[in-house]
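Q: Let me give you the structure first, and then I'll get to my questions.
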Amino acid sequence: ESNRAPDLLCPSTRRLALAAAMRTLQILLLAITVTLLSRLLPRQGPRFWCSLLGRCDGSATTTASCRAAALPTPTLEELEALGRPLPHYMIHAEGGDEGRALVRWMKTLKWRCEIGDESMLARPHPNLERISPHFPQFLHLPDRAGRLTYWELVGKLDERAMRKHGLKPDDLFQHYIWSTLFTWDVAAGDDSQEVTVIADFADFRISVLTPTVLKVFMRVAKVLRSHFPSREHGIFVINAPPWIETAYKMVRPLISEAQREKVRVIHGREQSEAALRELIHPSNLPPDYGGTGPPLGASPWELRKREMAKHR
């Protein structure tokens with residue numbers, strides 16, 4: 001006589017039980033997979049990610065930044081040979097300490113590898129033309145000392161208009177990164193070069209600073225602070241509203257002395273134009289600011305930037 005227990009389940013019940021068991025097994029396998037991936041993926045570089053996504057174009061593994069970032073114990077000679085030498089501005093930002101500057105530079109190279117610095121500039125950037133009317137930014141002719149000038153018309157920033165045109169916060173952030181790479185890798189490729197920043201607050205309203213804009217600005221500030229330190233010679237805030245001096249005094253203690261010395265706040269159109277004429281020769285100053293030079297957007301570097309954005 002068989003010792004086998006009688007089968008008390010009908011066929012349909014057995015099918016349901018089998019399906020439940022299979023589902024439990026799938027969940028268990030998924031949990032194991034997620035656990036393994038969570039331990040594995042953070043250690044992987046761009047080669048793994050692009051292979052996983054099936055979008056390898058070679059740029060993630062062959063760029064100079066990626067090759068340099070992959071060096072286990074890099075020497076200055078190896079970085080030089082790869083075209084990614086330790087920049088002067090990194091050494092300056094670390095108070096002349098070459099060791100700390102090298103550690104910081106390696107972090108920047110890893111970041112550059114992750115974003116695909118070379119491929120980013122090699123691709124078209126159609127959002128330049130879409131964003132520019134709502135947040136004008138320009139590379140313009142040099143100041144009297146030969147430094148390129150970078151102009152940001154903060155008062156014309158219109159995040160709501162960008163949103164109406166289908167632009168998202170990430171689009172604005174990526175635009176900032178693209179423009180920053182163009183400035184420092186193309187226009188001012190010499191790592192000892194600095195730019196003069198001019199922030200025009202004419203027509204500025206506090207409503208411009210929406211939570212979205214503030215969040216993007218904070219992300220951008222973190223990138224600039226981490227990876228492009230000490231690259232501006234001076235920051236001139238022109239046509240500043242009366243309250244901005246009070247706001248600046250509140251944050252001034254949080255800014256390093258070196259950075260504080262670079263900032264100059266100028267109120268009123270007449271005073272702003274006088275300061276600009278002192279800073280920039282009239283032949284390089286845009287007509288809208290009392291000069292005889294080409295308007296913003298018409299400098300050779302700005303034209304090249306727009307050409308790259310269209311056709312690269």
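Residues in the structure tokens are numbered from 1 in each chain, the chains being A, B, ... in the order shown, and ligands are numbered from 1 in the order shown.
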Name all residues at most 10 Å from Asp185 in chain A (count only C-alpha atoms; drop same-chain ones fewer than 4 positions away) and give them as a ChimeraX atom specification.

A: /A:117-118,121,179-181,189-191

Q: Please dump the current selection as a PDB file, in the first residue's frame; keep N, CA and C atoms.

A:
```pdb
ATOM      1  N   ASP A 117      32.268  65.022 -21.502  1.00  0.00           N
ATOM      2  CA  ASP A 117      32.586  66.414 -21.839  1.00  0.00           C
ATOM      3  C   ASP A 117      32.850  66.622 -23.328  1.00  0.00           C
ATOM      4  N   GLU A 118      33.653  65.759 -23.939  1.00  0.00           N
ATOM      5  CA  GLU A 118      33.990  65.947 -25.346  1.00  0.00           C
ATOM      6  C   GLU A 118      32.794  65.684 -26.258  1.00  0.00           C
ATOM      7  N   LEU A 121      30.160  68.585 -26.332  1.00  0.00           N
ATOM      8  CA  LEU A 121      30.456  69.701 -27.217  1.00  0.00           C
ATOM      9  C   LEU A 121      30.431  69.297 -28.684  1.00  0.00           C
ATOM     10  N   SER A 179      27.341  75.508 -22.007  1.00  0.00           N
ATOM     11  CA  SER A 179      27.913  76.843 -22.170  1.00  0.00           C
ATOM     12  C   SER A 179      29.206  76.993 -21.375  1.00  0.00           C
ATOM     13  N   THR A 180      29.244  76.403 -20.172  1.00  0.00           N
ATOM     14  CA  THR A 180      30.444  76.473 -19.344  1.00  0.00           C
ATOM     15  C   THR A 180      31.599  75.733 -20.008  1.00  0.00           C
ATOM     16  N   LEU A 181      31.329  74.539 -20.555  1.00  0.00           N
ATOM     17  CA  LEU A 181      32.370  73.783 -21.249  1.00  0.00           C
ATOM     18  C   LEU A 181      32.857  74.547 -22.478  1.00  0.00           C
ATOM     19  N   GLY A 189      40.666  78.351 -23.565  1.00  0.00           N
ATOM     20  CA  GLY A 189      41.282  77.044 -23.363  1.00  0.00           C
ATOM     21  C   GLY A 189      42.523  77.057 -22.496  1.00  0.00           C
ATOM     22  N   ASP A 190      43.213  78.180 -22.427  1.00  0.00           N
ATOM     23  CA  ASP A 190      44.382  78.302 -21.561  1.00  0.00           C
ATOM     24  C   ASP A 190      43.917  78.270 -20.110  1.00  0.00           C
ATOM     25  N   ASP A 191      44.433  77.306 -19.335  1.00  0.00           N
ATOM     26  CA  ASP A 191      43.900  77.139 -17.976  1.00  0.00           C
ATOM     27  C   ASP A 191      44.304  78.260 -17.027  1.00  0.00           C
TER      28      ASP A 191
END
```

Q: Need to verify the contact set: Leu141 in chain A, 10 Å, only C-alpha atoms, exclusion of same-chain residues closer than 6 positions in sequence. Can you return it as an MDAnalysis selection string?

A: chainID A and resid 147:150 280:281 283:286 293:296 298:302

Q: Please, which residues of range 65-248 of chain A, numbered as in this document, come out strand (DSSP E or B) from DSSP, as a ChimeraX atom specification?

A: /A:137-140,148-153,195-200,232-240

Q: Near Asp171 in chain A, counting only C-alpha atoms, which residues have an atom at most 12 Å away, once you skip same-chain residues fewer than 4 positions from it, shown as a ChimeraX atom specification?

A: /A:125-128,130-131,159,162-163,165-167,175-178,212-213,216

Q: May I have the selected residues written with C-alpha atoms, as an mmCIF file, in the first residue's frame?

A:
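As a result, part-v6.cif now contains:
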```cif
data_model
loop_
_atom_site.group_PDB
_atom_site.id
_atom_site.type_symbol
_atom_site.label_atom_id
_atom_site.label_comp_id
_atom_site.auth_asym_id
_atom_site.auth_seq_id
_atom_site.Cartn_x
_atom_site.Cartn_y
_atom_site.Cartn_z
ATOM 1 C CA HIS A 125 22.806 71.922 -28.789
ATOM 2 C CA PRO A 126 19.440 73.116 -30.152
ATOM 3 C CA ASN A 127 18.294 74.379 -26.752
ATOM 4 C CA LEU A 128 20.733 77.279 -27.028
ATOM 5 C CA ARG A 130 15.344 78.098 -27.380
ATOM 6 C CA ILE A 131 16.715 79.265 -24.040
ATOM 7 C CA GLU A 159 11.465 80.701 -16.372
ATOM 8 C CA MET A 162 10.735 78.645 -20.916
ATOM 9 C CA ARG A 163 8.201 76.322 -19.353
ATOM 10 C CA HIS A 165 7.992 76.447 -24.658
ATOM 11 C CA GLY A 166 8.393 72.965 -23.225
ATOM 12 C CA LEU A 167 11.742 73.546 -21.542
ATOM 13 C CA HIS A 175 22.472 74.370 -21.116
ATOM 14 C CA TYR A 176 24.556 75.904 -18.350
ATOM 15 C CA ILE A 177 26.955 72.952 -18.441
ATOM 16 C CA TRP A 178 27.266 73.088 -22.242
ATOM 17 C CA THR A 212 12.763 76.132 -9.980
ATOM 18 C CA VAL A 213 15.263 78.829 -10.927
ATOM 19 C CA VAL A 216 18.909 75.204 -10.955
#
```

Q: Find the residues near Trp111 in chain A: any atom within 10 Å, counting only C-alpha atoms, skip ones fewer than 2 places away on the same chain, and give them as a list of chain:residue names.

A: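 That gives A:Ser65, A:Cys66, A:Ala69, A:Trp105, A:Met106, A:Lys107, A:Thr108, A:Leu109, A:Cys113, A:Glu114, A:Ile115, A:Gly116, A:Asp117, A:Val223, A:Ser226, A:His227.
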
Q: Could you turn the residues from that selection into a file that holds C-alpha atoms, as a PDB file, in the first residue's frame?

A:
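Saved file part_26.pdb follows:
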```
ATOM      1  CA  SER A  65      38.974  62.732 -19.352  1.00  0.00           C
ATOM      2  CA  CYS A  66      37.895  59.089 -18.968  1.00  0.00           C
ATOM      3  CA  ALA A  69      40.143  59.459 -14.529  1.00  0.00           C
ATOM      4  CA  TRP A 105      41.363  67.587 -10.359  1.00  0.00           C
ATOM      5  CA  MET A 106      40.878  63.804 -10.395  1.00  0.00           C
ATOM      6  CA  LYS A 107      37.360  64.296  -9.032  1.00  0.00           C
ATOM      7  CA  THR A 108      36.720  66.800 -11.810  1.00  0.00           C
ATOM      8  CA  LEU A 109      38.043  64.389 -14.442  1.00  0.00           C
ATOM      9  CA  CYS A 113      33.988  61.515 -17.865  1.00  0.00           C
ATOM     10  CA  GLU A 114      30.523  60.884 -16.469  1.00  0.00           C
ATOM     11  CA  ILE A 115      28.935  63.778 -18.366  1.00  0.00           C
ATOM     12  CA  GLY A 116      30.887  63.033 -21.559  1.00  0.00           C
ATOM     13  CA  ASP A 117      32.586  66.414 -21.839  1.00  0.00           C
ATOM     14  CA  VAL A 223      29.336  72.462 -10.301  1.00  0.00           C
ATOM     15  CA  SER A 226      33.664  72.100  -7.447  1.00  0.00           C
ATOM     16  CA  HIS A 227      35.042  71.887 -10.973  1.00  0.00           C
TER      17      HIS A 227
END
```

Q: In range 57-301 of chain A, what's helix (DSSP H, G or I) per DSSP? Answer as a PyMOL selection string?

A: chain A and resi 59-62+64-69+76-81+88-93+98-115+117-122+127-134+154-156+159-164+169-187+206-208+211-227+244-254+257-260+269-279+282-284+287-289+300-301

Q: Which residues are near range 229-234 of chain A? Cut-off 7 Å, only C-alpha atoms, ignore same chain within fewer than 2 positions. Put them as a ChimeraX atom specification.

A: /A:89-90,93,194-197,224-227,236,262-263

Q: In Å, with one decimal, what is the gap from CA of Ile266 in chain A to CA of Leu172 in chain A?

A: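 Interatomic distance, CA of Ile266 in chain A to CA of Leu172 in chain A: 27.4 Å.
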
Q: For Pro282 in chain A, work out the shell of residues within 7 Å, counting only C-alpha atoms and skipping chain neighbours fewer than 5 positions away, then give it as a list in words.

A: Arg277, Gly291, Thr292 and Gly293 of chain A

Q: How would the residues just chosen look if you wrote them out with C-alpha atoms as a compact mmCIF listing (two decimals), in the first residue's frame?

A:
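Wrote result-v7.txt, looks like this:
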```
# COMPACT_ATOMS: atom_id res chain seq x y z
CA ARG A 277 33.82 102.30 -19.51
CA GLY A 291 30.02 101.89 -26.14
CA THR A 292 30.70 101.80 -29.87
CA GLY A 293 31.42 98.10 -30.19
```

Q: So, counting only C-alpha atoms, which residue among A:Lys310, A:Ser119, A:Gly268, A:Ala221 is closest to Thr62 in chain A?

A: A:Ser119

Q: In Å, how far is it from CA of Lys168 in chain A to CA of Pro211 in chain A?

A: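 About the pair CA of Lys168 in chain A and CA of Pro211 in chain A: they are 13.1 Å apart.
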
Q: Using Å and a single decimal, report how far CA of Ile91 in chain A sits from CA of Gln174 in chain A.

A: 26.9 Å

Q: Using only C-alpha atoms, find the one residue out of A:Met218, A:Leu139, A:Leu76, A:Lys305 that sits nearest to Glu98 in chain A.

A: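 Checking each of A:Met218, A:Leu139, A:Leu76, A:Lys305 against Glu98 in chain A, counting only C-alpha atoms, the winner is A:Leu76.
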